[in-house]
file run.txt (compact mmCIF, N, CA and C atoms)
# COMPACT_ATOMS: atom_id res chain seq x y z
N MET A 19 103.40 28.93 48.37
CA MET A 19 102.90 29.22 49.71
C MET A 19 102.10 28.00 50.16
N GLY A 20 102.37 27.55 51.36
CA GLY A 20 101.70 26.38 51.89
C GLY A 20 100.34 26.71 52.46
N ILE A 21 99.70 25.69 53.00
CA ILE A 21 98.36 25.86 53.55
C ILE A 21 98.35 26.84 54.72
N MET A 22 99.39 26.81 55.55
CA MET A 22 99.45 27.75 56.68
C MET A 22 99.60 29.19 56.19
N GLY A 23 100.39 29.37 55.15
CA GLY A 23 100.55 30.72 54.59
C GLY A 23 99.25 31.25 54.03
N ASN A 24 98.51 30.38 53.34
CA ASN A 24 97.21 30.79 52.78
C ASN A 24 96.22 31.11 53.89
N MET A 25 96.23 30.30 54.95
CA MET A 25 95.31 30.54 56.07
C MET A 25 95.65 31.86 56.75
N ALA A 26 96.93 32.13 56.95
CA ALA A 26 97.34 33.39 57.57
C ALA A 26 96.95 34.58 56.71
N LYS A 27 97.13 34.44 55.41
CA LYS A 27 96.77 35.53 54.48
C LYS A 27 95.26 35.79 54.52
N GLU A 28 94.45 34.74 54.51
CA GLU A 28 93.00 34.89 54.57
C GLU A 28 92.55 35.48 55.91
N MET A 29 93.21 35.06 56.99
CA MET A 29 92.87 35.58 58.30
C MET A 29 93.18 37.09 58.38
N MET A 30 94.32 37.51 57.87
CA MET A 30 94.66 38.93 57.87
C MET A 30 93.70 39.73 57.00
N LYS A 31 93.29 39.16 55.90
CA LYS A 31 92.33 39.83 55.01
C LYS A 31 91.01 40.05 55.74
N GLU A 32 90.56 39.03 56.48
CA GLU A 32 89.30 39.14 57.22
C GLU A 32 89.42 40.15 58.36
N ILE A 33 90.54 40.16 59.06
CA ILE A 33 90.77 41.13 60.13
C ILE A 33 90.74 42.55 59.56
N ASN A 34 91.39 42.75 58.42
CA ASN A 34 91.39 44.07 57.79
C ASN A 34 89.99 44.50 57.38
N ASN A 35 89.19 43.55 56.85
CA ASN A 35 87.81 43.88 56.47
C ASN A 35 87.00 44.29 57.69
N LYS A 36 87.15 43.56 58.79
CA LYS A 36 86.40 43.88 60.01
C LYS A 36 86.83 45.23 60.59
N SER A 37 88.12 45.51 60.57
CA SER A 37 88.58 46.80 61.11
C SER A 37 88.09 47.94 60.24
N ARG A 38 88.05 47.75 58.92
CA ARG A 38 87.54 48.80 58.03
C ARG A 38 86.06 49.02 58.30
N GLU A 39 85.30 47.93 58.51
CA GLU A 39 83.87 48.06 58.82
C GLU A 39 83.68 48.82 60.13
N PHE A 40 84.54 48.58 61.12
CA PHE A 40 84.47 49.31 62.38
C PHE A 40 84.72 50.79 62.16
N TYR A 41 85.77 51.13 61.39
CA TYR A 41 86.08 52.53 61.11
C TYR A 41 84.94 53.20 60.36
N GLU A 42 84.31 52.47 59.44
CA GLU A 42 83.18 53.04 58.70
C GLU A 42 82.03 53.33 59.65
N PHE A 43 81.89 52.53 60.71
CA PHE A 43 80.81 52.74 61.68
C PHE A 43 81.07 53.95 62.57
N VAL A 44 82.29 54.09 63.07
CA VAL A 44 82.57 55.18 64.01
C VAL A 44 83.01 56.47 63.34
N LEU A 45 83.53 56.37 62.14
CA LEU A 45 83.98 57.57 61.44
C LEU A 45 82.81 58.25 60.79
N PRO A 46 82.89 59.43 60.40
CA PRO A 46 84.02 60.33 60.49
C PRO A 46 83.98 61.10 61.81
N PRO A 47 85.15 61.62 62.22
CA PRO A 47 85.15 62.47 63.41
C PRO A 47 84.37 63.76 63.14
N VAL A 48 83.63 64.20 64.14
CA VAL A 48 82.76 65.37 64.00
C VAL A 48 83.00 66.32 65.16
N ASP A 49 83.13 67.62 64.84
CA ASP A 49 83.16 68.68 65.85
C ASP A 49 81.98 69.60 65.59
N MET A 50 81.41 70.14 66.66
CA MET A 50 80.31 71.11 66.53
C MET A 50 80.58 72.27 67.47
N HIS A 51 80.30 73.48 66.98
CA HIS A 51 80.36 74.64 67.87
C HIS A 51 79.35 75.68 67.40
N LEU A 52 78.93 76.49 68.35
CA LEU A 52 77.92 77.51 68.10
C LEU A 52 78.60 78.83 67.76
N ASP A 53 78.22 79.40 66.62
CA ASP A 53 78.71 80.71 66.17
C ASP A 53 77.50 81.63 66.04
N GLY A 54 77.12 82.28 67.12
CA GLY A 54 75.95 83.16 67.07
C GLY A 54 74.69 82.36 66.81
N ASP A 55 74.02 82.64 65.69
CA ASP A 55 72.78 81.95 65.34
C ASP A 55 73.03 80.73 64.45
N TYR A 56 74.28 80.32 64.31
CA TYR A 56 74.63 79.18 63.45
C TYR A 56 75.34 78.10 64.25
N LEU A 57 75.00 76.86 63.95
CA LEU A 57 75.74 75.72 64.46
C LEU A 57 76.69 75.30 63.34
N THR A 58 77.98 75.28 63.64
CA THR A 58 78.97 74.87 62.66
C THR A 58 79.36 73.44 62.96
N VAL A 59 79.21 72.58 61.95
CA VAL A 59 79.54 71.17 62.07
C VAL A 59 80.73 70.92 61.16
N ILE A 60 81.81 70.38 61.72
CA ILE A 60 83.03 70.11 60.97
C ILE A 60 83.24 68.60 60.94
N ILE A 61 83.34 68.05 59.73
CA ILE A 61 83.41 66.61 59.53
C ILE A 61 84.63 66.27 58.69
N ASP A 62 85.48 65.37 59.18
CA ASP A 62 86.65 64.93 58.42
C ASP A 62 86.24 63.85 57.43
N LEU A 63 86.46 64.11 56.15
CA LEU A 63 86.15 63.15 55.09
C LEU A 63 87.34 63.05 54.13
N PRO A 64 88.51 62.68 54.61
CA PRO A 64 89.67 62.62 53.72
C PRO A 64 89.50 61.56 52.64
N GLY A 65 89.92 61.91 51.45
CA GLY A 65 89.85 60.98 50.33
C GLY A 65 88.54 61.00 49.57
N PHE A 66 87.54 61.72 50.06
CA PHE A 66 86.26 61.81 49.37
C PHE A 66 86.19 63.12 48.59
N ASP A 67 85.68 63.04 47.37
CA ASP A 67 85.47 64.23 46.55
C ASP A 67 84.06 64.77 46.80
N LYS A 68 83.84 65.99 46.40
CA LYS A 68 82.54 66.64 46.55
C LYS A 68 81.43 65.80 45.92
N LYS A 69 81.73 65.22 44.77
CA LYS A 69 80.72 64.42 44.06
C LYS A 69 80.38 63.11 44.78
N ASP A 70 81.24 62.68 45.70
CA ASP A 70 81.04 61.43 46.43
C ASP A 70 80.13 61.59 47.64
N ILE A 71 79.86 62.84 48.04
CA ILE A 71 79.19 63.11 49.32
C ILE A 71 77.77 63.60 49.09
N LYS A 72 76.85 63.03 49.88
CA LYS A 72 75.46 63.48 49.85
C LYS A 72 75.06 63.86 51.28
N LEU A 73 74.62 65.09 51.46
CA LEU A 73 74.16 65.58 52.76
C LEU A 73 72.66 65.81 52.71
N THR A 74 71.98 65.41 53.76
CA THR A 74 70.56 65.72 53.90
C THR A 74 70.30 66.10 55.34
N ILE A 75 69.26 66.88 55.54
CA ILE A 75 68.86 67.24 56.90
C ILE A 75 67.35 67.10 57.00
N HIS A 76 66.92 66.52 58.10
CA HIS A 76 65.49 66.39 58.37
C HIS A 76 65.31 66.72 59.85
N ARG A 77 64.63 67.81 60.09
CA ARG A 77 64.46 68.34 61.44
C ARG A 77 65.83 68.60 62.06
N ASN A 78 66.23 67.85 63.07
CA ASN A 78 67.54 68.09 63.66
C ASN A 78 68.47 66.88 63.50
N ILE A 79 68.31 66.16 62.40
CA ILE A 79 69.19 65.04 62.09
C ILE A 79 69.91 65.32 60.77
N LEU A 80 71.23 65.41 60.84
CA LEU A 80 72.07 65.61 59.67
C LEU A 80 72.58 64.25 59.22
N SER A 81 72.31 63.90 57.96
CA SER A 81 72.74 62.61 57.41
C SER A 81 73.88 62.84 56.43
N ILE A 82 74.93 62.05 56.59
CA ILE A 82 76.09 62.11 55.71
C ILE A 82 76.24 60.75 55.04
N ASN A 83 76.15 60.74 53.73
CA ASN A 83 76.39 59.52 52.96
C ASN A 83 77.50 59.83 51.99
N ALA A 84 78.55 59.04 52.05
CA ALA A 84 79.67 59.22 51.14
C ALA A 84 80.12 57.85 50.66
N GLU A 85 80.40 57.78 49.38
CA GLU A 85 80.88 56.53 48.81
C GLU A 85 81.81 56.84 47.66
N LYS A 86 82.98 56.23 47.71
CA LYS A 86 83.91 56.42 46.61
C LYS A 86 84.19 55.06 45.97
N ASN A 87 84.23 55.08 44.67
CA ASN A 87 84.50 53.86 43.92
C ASN A 87 85.99 53.76 43.66
N GLU A 88 86.58 52.75 44.26
CA GLU A 88 88.00 52.53 44.08
C GLU A 88 88.20 51.20 43.37
N PRO A 89 89.02 51.18 42.37
CA PRO A 89 89.28 49.91 41.69
C PRO A 89 90.01 48.94 42.62
N GLN A 90 89.67 47.66 42.50
CA GLN A 90 90.35 46.63 43.29
C GLN A 90 91.80 46.55 42.85
N LYS A 91 92.68 46.48 43.82
CA LYS A 91 94.11 46.39 43.53
C LYS A 91 94.63 45.05 44.01
N ASP A 92 95.51 44.47 43.23
CA ASP A 92 96.15 43.23 43.64
C ASP A 92 97.26 43.54 44.63
N GLY A 93 97.52 42.59 45.50
CA GLY A 93 98.63 42.73 46.42
C GLY A 93 98.38 43.63 47.60
N VAL A 94 97.12 43.95 47.89
CA VAL A 94 96.81 44.81 49.04
C VAL A 94 97.10 44.04 50.32
N VAL A 95 97.91 44.59 51.15
CA VAL A 95 98.26 43.95 52.41
C VAL A 95 97.30 44.40 53.52
N CYS A 96 96.96 45.67 53.52
CA CYS A 96 96.10 46.22 54.56
C CYS A 96 95.29 47.37 53.96
N LYS A 97 93.96 47.38 54.19
CA LYS A 97 93.11 48.47 53.70
C LYS A 97 92.12 48.82 54.81
N GLN A 98 92.37 49.94 55.47
CA GLN A 98 91.48 50.36 56.55
C GLN A 98 90.76 51.67 56.26
N ARG A 99 91.16 52.38 55.23
CA ARG A 99 90.47 53.63 54.91
C ARG A 99 89.07 53.30 54.41
N PRO A 100 88.06 53.96 54.96
CA PRO A 100 86.70 53.63 54.55
C PRO A 100 86.40 54.11 53.13
N SER A 101 85.62 53.31 52.43
CA SER A 101 85.16 53.71 51.10
C SER A 101 83.68 54.07 51.14
N ILE A 102 83.03 53.77 52.26
CA ILE A 102 81.62 54.10 52.46
C ILE A 102 81.45 54.70 53.85
N ILE A 103 80.72 55.81 53.91
CA ILE A 103 80.37 56.41 55.20
C ILE A 103 78.87 56.68 55.17
N ASP A 104 78.19 56.22 56.21
CA ASP A 104 76.76 56.46 56.37
C ASP A 104 76.55 56.83 57.83
N LYS A 105 76.44 58.12 58.09
CA LYS A 105 76.39 58.59 59.47
C LYS A 105 75.21 59.53 59.65
N LYS A 106 74.52 59.37 60.76
CA LYS A 106 73.43 60.25 61.16
C LYS A 106 73.88 60.97 62.42
N ILE A 107 73.77 62.29 62.40
CA ILE A 107 74.20 63.09 63.54
C ILE A 107 72.98 63.81 64.11
N LEU A 108 72.69 63.55 65.37
CA LEU A 108 71.61 64.25 66.05
C LEU A 108 72.14 65.62 66.48
N LEU A 109 71.59 66.66 65.91
CA LEU A 109 72.04 68.01 66.21
C LEU A 109 71.47 68.44 67.56
N PRO A 110 72.24 69.14 68.37
CA PRO A 110 71.80 69.51 69.71
C PRO A 110 70.81 70.68 69.75
N MET A 111 70.44 71.20 68.57
CA MET A 111 69.55 72.36 68.51
C MET A 111 68.57 72.18 67.37
N HIS A 112 67.50 72.95 67.39
CA HIS A 112 66.52 72.89 66.32
C HIS A 112 66.98 73.75 65.14
N VAL A 113 66.80 73.23 63.95
CA VAL A 113 67.18 73.93 62.73
C VAL A 113 66.15 75.02 62.45
N LYS A 114 66.64 76.22 62.18
CA LYS A 114 65.77 77.37 61.95
C LYS A 114 65.20 77.37 60.54
N ASP A 115 66.07 77.25 59.53
CA ASP A 115 65.64 77.33 58.14
C ASP A 115 66.52 76.40 57.30
N GLU A 116 65.94 75.28 56.87
CA GLU A 116 66.72 74.29 56.12
C GLU A 116 67.22 74.82 54.78
N ASP A 117 66.60 75.87 54.25
CA ASP A 117 66.99 76.41 52.95
C ASP A 117 68.25 77.28 53.01
N VAL A 118 68.70 77.63 54.20
CA VAL A 118 69.83 78.54 54.33
C VAL A 118 71.12 77.81 54.74
N ILE A 119 71.08 76.50 54.79
CA ILE A 119 72.25 75.72 55.21
C ILE A 119 73.30 75.77 54.10
N SER A 120 74.57 75.94 54.51
CA SER A 120 75.66 75.95 53.52
C SER A 120 76.69 74.90 53.90
N ALA A 121 77.39 74.39 52.89
CA ALA A 121 78.42 73.38 53.13
C ALA A 121 79.58 73.61 52.18
N LYS A 122 80.80 73.42 52.70
CA LYS A 122 82.01 73.56 51.89
C LYS A 122 82.94 72.40 52.21
N LEU A 123 83.59 71.87 51.18
CA LEU A 123 84.59 70.82 51.35
C LEU A 123 85.94 71.38 50.93
N ILE A 124 86.85 71.47 51.88
CA ILE A 124 88.19 71.99 51.60
C ILE A 124 89.20 71.01 52.18
N GLN A 125 90.02 70.44 51.32
CA GLN A 125 91.08 69.51 51.68
C GLN A 125 90.59 68.40 52.61
N GLY A 126 89.45 67.80 52.25
CA GLY A 126 88.94 66.66 53.01
C GLY A 126 88.19 67.01 54.28
N VAL A 127 87.98 68.30 54.53
CA VAL A 127 87.23 68.73 55.72
C VAL A 127 85.95 69.41 55.26
N LEU A 128 84.82 68.83 55.66
CA LEU A 128 83.52 69.36 55.30
C LEU A 128 83.02 70.25 56.44
N THR A 129 82.68 71.49 56.11
CA THR A 129 82.15 72.43 57.10
C THR A 129 80.72 72.76 56.71
N VAL A 130 79.80 72.50 57.62
CA VAL A 130 78.37 72.75 57.39
C VAL A 130 77.92 73.81 58.38
N LYS A 131 77.31 74.89 57.86
CA LYS A 131 76.78 75.96 58.72
C LYS A 131 75.26 75.87 58.69
N ILE A 132 74.69 75.69 59.88
CA ILE A 132 73.25 75.46 60.01
C ILE A 132 72.65 76.54 60.90
N PRO A 133 71.67 77.31 60.37
CA PRO A 133 71.00 78.29 61.23
C PRO A 133 70.13 77.57 62.27
N VAL A 134 70.25 77.99 63.51
CA VAL A 134 69.51 77.31 64.57
C VAL A 134 68.55 78.27 65.25
N ALA A 135 67.47 77.70 65.73
CA ALA A 135 66.45 78.47 66.46
C ALA A 135 66.72 78.32 67.94
N GLN A 136 66.73 79.42 68.62
CA GLN A 136 66.90 79.38 70.08
C GLN A 136 65.51 79.13 70.66
N LYS A 137 65.27 77.89 71.03
CA LYS A 137 63.94 77.54 71.59
C LYS A 137 64.05 77.48 73.10
N GLY A 138 62.93 77.61 73.69
CA GLY A 138 62.89 77.51 75.14
C GLY A 138 62.29 78.78 75.73
N THR A 139 61.82 78.65 76.92
CA THR A 139 61.19 79.75 77.63
C THR A 139 61.96 79.99 78.93
N GLN A 140 62.23 81.23 79.19
CA GLN A 140 62.92 81.60 80.43
C GLN A 140 61.99 81.33 81.60
N ILE A 141 62.51 80.71 82.62
CA ILE A 141 61.71 80.38 83.81
C ILE A 141 62.26 81.22 84.97
N SER A 142 61.37 81.95 85.58
CA SER A 142 61.80 82.74 86.73
C SER A 142 61.75 81.89 87.99
N ILE A 143 62.68 82.14 88.87
CA ILE A 143 62.75 81.40 90.12
C ILE A 143 62.30 82.32 91.25
N ASP A 144 61.34 81.86 92.00
CA ASP A 144 60.83 82.65 93.13
C ASP A 144 61.64 82.41 94.36
call {"tool": "encode", "arguments": {"input": "run.txt", "output": "structure tokens"}}
result
Amino acid sequence: MGIMGNMAKEMMKEINNKSREFYEFVLPPVDMHLDGDYLTVIIDLPGFDKKDIKLTIHRNILSINAEKNEPQKDGVVCKQRPSIIDKKILLPMHVKDEDVISAKLIQGVLTVKIPVAQKGTQISID
């Protein structure tokens, strides 16, 4: 392989690294919906095992840290799947009781059920 081939290979490697870093920044996709007194947060984490994921909550910020150790492979042409995820999600409601939060990982989809407090005061309009 000549100098141009090596340069092209290095350039593609760098582009792939940058695109993976971008995906790690914007991923994972998150859906939230209200189920009565619970906020259900659904997070796509394909390829991560339960042991790879650490969840924490502080007030109304849910933190997701996931890291999987993958051995380096020779001959990789393109690698965009993230191996590290560090995401903070601002929850739209106040958490009622941090001790009652539950989480399940099924086929790469993490579902977190968070009890929420309905805060606010009704204001009458004259």
call {"tool": "atom_distance", "arguments": {"input": "run.txt", "atom1": "CA of Ser101 in chain A", "atom2": "atom N of Glu85 in chain A"}}
result
6.5 Å
call {"tool": "atom_distance", "arguments": {"input": "run.txt", "atom1": "CA of Val134 in chain A", "atom2": "atom N of Ala84 in chain A"}}
result
23.9 Å
call {"tool": "select_by_dssp", "arguments": {"input": "run.txt", "residues": "chain A", "states": "alpha helix (DSSP H)", "output": "list of chain:residue names"}}
result
A:Ile21, A:Met22, A:Gly23, A:Asn24, A:Met25, A:Ala26, A:Lys27, A:Glu28, A:Met29, A:Met30, A:Lys31, A:Glu32, A:Ile33, A:Asn34, A:Asn35, A:Lys36, A:Ser37, A:Arg38, A:Glu39, A:Phe40, A:Tyr41, A:Glu42, A:Phe43, A:Val44
call {"tool": "closest_residue", "arguments": {"input": "run.txt", "among": "A:Ile141, A:Val130, A:Val94, A:Ile33", "to": "Thr58 in chain A", "atoms": "all atoms listed in the file"}}
result
A:Val130
call {"tool": "atom_distance", "arguments": {"input": "run.txt", "atom1": "CA of Glu88 in chain A", "atom2": "CA of Glu28 in chain A"}}
result
21.1 Å
call {"tool": "residues_around", "arguments": {"input": "run.txt", "residues": "Arg77 in chain A", "least_positions_apart": "2", "cutoff": "6 Å", "atoms": "only N, CA and C atoms", "output": "ChimeraX atom specification"}}
result
/A:75,79,113
call {"tool": "closest_residue", "arguments": {"input": "run.txt", "among": "A:Leu108, A:Asp92, A:Gly65, A:Leu80", "to": "Gly126 in chain A", "atoms": "only N, CA and C atoms"}}
result
A:Gly65
call {"tool": "select_by_dssp", "arguments": {"input": "run.txt", "residues": "chain A", "states": "strand (DSSP E or B)", "output": "ChimeraX atom specification"}}
result
/A:48-53,56-62,71-76,79-85,102-108,112-113,120-124,127-135
call {"tool": "write_last_selection", "arguments": {"input": "run.txt", "atoms": "N, CA and C atoms", "output": "CSV table (one decimal), in the coordinates of the input"}}
result
chain,number,residue,atom,x,y,z
A,48,VAL,N,83.6,64.2,64.1
A,48,VAL,CA,82.8,65.4,64.0
A,48,VAL,C,83.0,66.3,65.2
A,49,ASP,N,83.1,67.6,64.8
A,49,ASP,CA,83.2,68.7,65.8
A,49,ASP,C,82.0,69.6,65.6
A,50,MET,N,81.4,70.1,66.7
A,50,MET,CA,80.3,71.1,66.5
A,50,MET,C,80.6,72.3,67.5
A,51,HIS,N,80.3,73.5,67.0
A,51,HIS,CA,80.4,74.6,67.9
A,51,HIS,C,79.4,75.7,67.4
A,52,LEU,N,78.9,76.5,68.4
A,52,LEU,CA,77.9,77.5,68.1
A,52,LEU,C,78.6,78.8,67.8
A,53,ASP,N,78.2,79.4,66.6
A,53,ASP,CA,78.7,80.7,66.2
A,53,ASP,C,77.5,81.6,66.0
A,56,TYR,N,74.3,80.3,64.3
A,56,TYR,CA,74.6,79.2,63.4
A,56,TYR,C,75.3,78.1,64.2
A,57,LEU,N,75.0,76.9,64.0
A,57,LEU,CA,75.7,75.7,64.5
A,57,LEU,C,76.7,75.3,63.3
A,58,THR,N,78.0,75.3,63.6
A,58,THR,CA,79.0,74.9,62.7
A,58,THR,C,79.4,73.4,63.0
A,59,VAL,N,79.2,72.6,62.0
A,59,VAL,CA,79.5,71.2,62.1
A,59,VAL,C,80.7,70.9,61.2
A,60,ILE,N,81.8,70.4,61.7
A,60,ILE,CA,83.0,70.1,61.0
A,60,ILE,C,83.2,68.6,60.9
A,61,ILE,N,83.3,68.0,59.7
A,61,ILE,CA,83.4,66.6,59.5
A,61,ILE,C,84.6,66.3,58.7
A,62,ASP,N,85.5,65.4,59.2
A,62,ASP,CA,86.6,64.9,58.4
A,62,ASP,C,86.2,63.8,57.4
A,71,ILE,N,79.9,62.8,48.0
A,71,ILE,CA,79.2,63.1,49.3
A,71,ILE,C,77.8,63.6,49.1
A,72,LYS,N,76.8,63.0,49.9
A,72,LYS,CA,75.5,63.5,49.8
A,72,LYS,C,75.1,63.9,51.3
A,73,LEU,N,74.6,65.1,51.5
A,73,LEU,CA,74.2,65.6,52.8
A,73,LEU,C,72.7,65.8,52.7
A,74,THR,N,72.0,65.4,53.8
A,74,THR,CA,70.6,65.7,53.9
A,74,THR,C,70.3,66.1,55.3
A,75,ILE,N,69.3,66.9,55.5
A,75,ILE,CA,68.9,67.2,56.9
A,75,ILE,C,67.4,67.1,57.0
A,76,HIS,N,66.9,66.5,58.1
A,76,HIS,CA,65.5,66.4,58.4
A,76,HIS,C,65.3,66.7,59.8
A,79,ILE,N,68.3,66.2,62.4
A,79,ILE,CA,69.2,65.0,62.1
A,79,ILE,C,69.9,65.3,60.8
A,80,LEU,N,71.2,65.4,60.8
A,80,LEU,CA,72.1,65.6,59.7
A,80,LEU,C,72.6,64.2,59.2
A,81,SER,N,72.3,63.9,58.0
A,81,SER,CA,72.7,62.6,57.4
A,81,SER,C,73.9,62.8,56.4
A,82,ILE,N,74.9,62.0,56.6
A,82,ILE,CA,76.1,62.1,55.7
A,82,ILE,C,76.2,60.8,55.0
A,83,ASN,N,76.2,60.7,53.7
A,83,ASN,CA,76.4,59.5,53.0
A,83,ASN,C,77.5,59.8,52.0
A,84,ALA,N,78.6,59.0,52.0
A,84,ALA,CA,79.7,59.2,51.1
A,84,ALA,C,80.1,57.8,50.7
A,85,GLU,N,80.4,57.8,49.4
A,85,GLU,CA,80.9,56.5,48.8
A,85,GLU,C,81.8,56.8,47.7
A,102,ILE,N,83.0,53.8,52.3
A,102,ILE,CA,81.6,54.1,52.5
A,102,ILE,C,81.4,54.7,53.8
A,103,ILE,N,80.7,55.8,53.9
A,103,ILE,CA,80.4,56.4,55.2
A,103,ILE,C,78.9,56.7,55.2
A,104,ASP,N,78.2,56.2,56.2
A,104,ASP,CA,76.8,56.5,56.4
A,104,ASP,C,76.6,56.8,57.8
A,105,LYS,N,76.4,58.1,58.1
A,105,LYS,CA,76.4,58.6,59.5
A,105,LYS,C,75.2,59.5,59.6
A,106,LYS,N,74.5,59.4,60.8
A,106,LYS,CA,73.4,60.2,61.2
A,106,LYS,C,73.9,61.0,62.4
A,107,ILE,N,73.8,62.3,62.4
A,107,ILE,CA,74.2,63.1,63.5
A,107,ILE,C,73.0,63.8,64.1
A,108,LEU,N,72.7,63.6,65.4
A,108,LEU,CA,71.6,64.2,66.0
A,108,LEU,C,72.1,65.6,66.5
A,112,HIS,N,67.5,73.0,67.4
A,112,HIS,CA,66.5,72.9,66.3
A,112,HIS,C,67.0,73.8,65.1
A,113,VAL,N,66.8,73.2,64.0
A,113,VAL,CA,67.2,73.9,62.7
A,113,VAL,C,66.2,75.0,62.4
A,120,SER,N,74.6,75.9,54.5
A,120,SER,CA,75.7,76.0,53.5
A,120,SER,C,76.7,74.9,53.9
A,121,ALA,N,77.4,74.4,52.9
A,121,ALA,CA,78.4,73.4,53.1
A,121,ALA,C,79.6,73.6,52.2
A,122,LYS,N,80.8,73.4,52.7
A,122,LYS,CA,82.0,73.6,51.9
A,122,LYS,C,82.9,72.4,52.2
A,123,LEU,N,83.6,71.9,51.2
A,123,LEU,CA,84.6,70.8,51.4
A,123,LEU,C,85.9,71.4,50.9
A,124,ILE,N,86.8,71.5,51.9
A,124,ILE,CA,88.2,72.0,51.6
A,124,ILE,C,89.2,71.0,52.2
A,127,VAL,N,88.0,68.3,54.5
A,127,VAL,CA,87.2,68.7,55.7
A,127,VAL,C,86.0,69.4,55.3
A,128,LEU,N,84.8,68.8,55.7
A,128,LEU,CA,83.5,69.4,55.3
A,128,LEU,C,83.0,70.2,56.4
A,129,THR,N,82.7,71.5,56.1
A,129,THR,CA,82.2,72.4,57.1
A,129,THR,C,80.7,72.8,56.7
A,130,VAL,N,79.8,72.5,57.6
A,130,VAL,CA,78.4,72.8,57.4
A,130,VAL,C,77.9,73.8,58.4
A,131,LYS,N,77.3,74.9,57.9
A,131,LYS,CA,76.8,76.0,58.7
A,131,LYS,C,75.3,75.9,58.7
A,132,ILE,N,74.7,75.7,59.9
A,132,ILE,CA,73.2,75.5,60.0
A,132,ILE,C,72.6,76.5,60.9
A,133,PRO,N,71.7,77.3,60.4
A,133,PRO,CA,71.0,78.3,61.2
A,133,PRO,C,70.1,77.6,62.3
A,134,VAL,N,70.2,78.0,63.5
A,134,VAL,CA,69.5,77.3,64.6
A,134,VAL,C,68.6,78.3,65.2
A,135,ALA,N,67.5,77.7,65.7
A,135,ALA,CA,66.4,78.5,66.5
A,135,ALA,C,66.7,78.3,67.9
call {"tool": "closest_residue", "arguments": {"input": "run.txt", "among": "A:Leu73, A:Ile103, A:Leu52, A:Met111", "to": "Ala135 in chain A", "atoms": "only C-alpha atoms"}}
result
A:Met111
call {"tool": "decode", "arguments": {"input": "run.txt", "residues": "range 75-111 of chain A", "atoms": "C-alpha atoms", "output": "mmCIF file, in the first residue's frame"}}
result
data_model
loop_
_atom_site.group_PDB
_atom_site.id
_atom_site.type_symbol
_atom_site.label_atom_id
_atom_site.label_comp_id
_atom_site.auth_asym_id
_atom_site.auth_seq_id
_atom_site.Cartn_x
_atom_site.Cartn_y
_atom_site.Cartn_z
ATOM 1 C CA ILE A 75 -30.278 9.658 40.573
ATOM 2 C CA HIS A 76 -29.811 12.905 42.442
ATOM 3 C CA ARG A 77 -32.894 15.056 42.866
ATOM 4 C CA ASN A 78 -34.324 15.165 39.348
ATOM 5 C CA ILE A 79 -31.204 14.223 37.373
ATOM 6 C CA LEU A 80 -30.864 10.627 36.171
ATOM 7 C CA SER A 81 -27.275 9.672 35.309
ATOM 8 C CA ILE A 82 -26.491 6.766 33.006
ATOM 9 C CA ASN A 83 -22.929 5.492 32.807
ATOM 10 C CA ALA A 84 -22.242 2.456 30.680
ATOM 11 C CA GLU A 85 -18.951 1.047 29.519
ATOM 12 C CA LYS A 86 -18.183 -2.213 27.831
ATOM 13 C CA ASN A 87 -14.724 -3.607 27.373
ATOM 14 C CA GLU A 88 -14.243 -4.884 23.882
ATOM 15 C CA PRO A 89 -11.000 -6.398 22.718
ATOM 16 C CA GLN A 90 -9.255 -4.553 19.895
ATOM 17 C CA LYS A 91 -9.770 -6.306 16.589
ATOM 18 C CA ASP A 92 -7.504 -6.156 13.592
ATOM 19 C CA GLY A 93 -8.922 -5.205 10.239
ATOM 20 C CA VAL A 94 -11.758 -3.016 11.555
ATOM 21 C CA VAL A 95 -13.031 -0.928 8.679
ATOM 22 C CA CYS A 96 -15.719 1.017 10.532
ATOM 23 C CA LYS A 97 -16.678 1.143 14.244
ATOM 24 C CA GLN A 98 -19.502 3.467 15.230
ATOM 25 C CA ARG A 99 -21.223 1.566 18.026
ATOM 26 C CA PRO A 100 -20.441 3.326 21.287
ATOM 27 C CA SER A 101 -18.467 1.518 23.946
ATOM 28 C CA ILE A 102 -18.944 4.309 26.500
ATOM 29 C CA ILE A 103 -22.118 6.195 27.379
ATOM 30 C CA ASP A 104 -22.211 9.004 29.930
ATOM 31 C CA LYS A 105 -25.560 10.764 29.865
ATOM 32 C CA LYS A 106 -27.371 13.015 32.317
ATOM 33 C CA ILE A 107 -31.119 13.345 31.882
ATOM 34 C CA LEU A 108 -32.998 16.204 33.498
ATOM 35 C CA LEU A 109 -36.301 14.702 34.591
ATOM 36 C CA PRO A 110 -39.345 16.922 34.010
ATOM 37 C CA MET A 111 -40.759 16.162 37.485
#
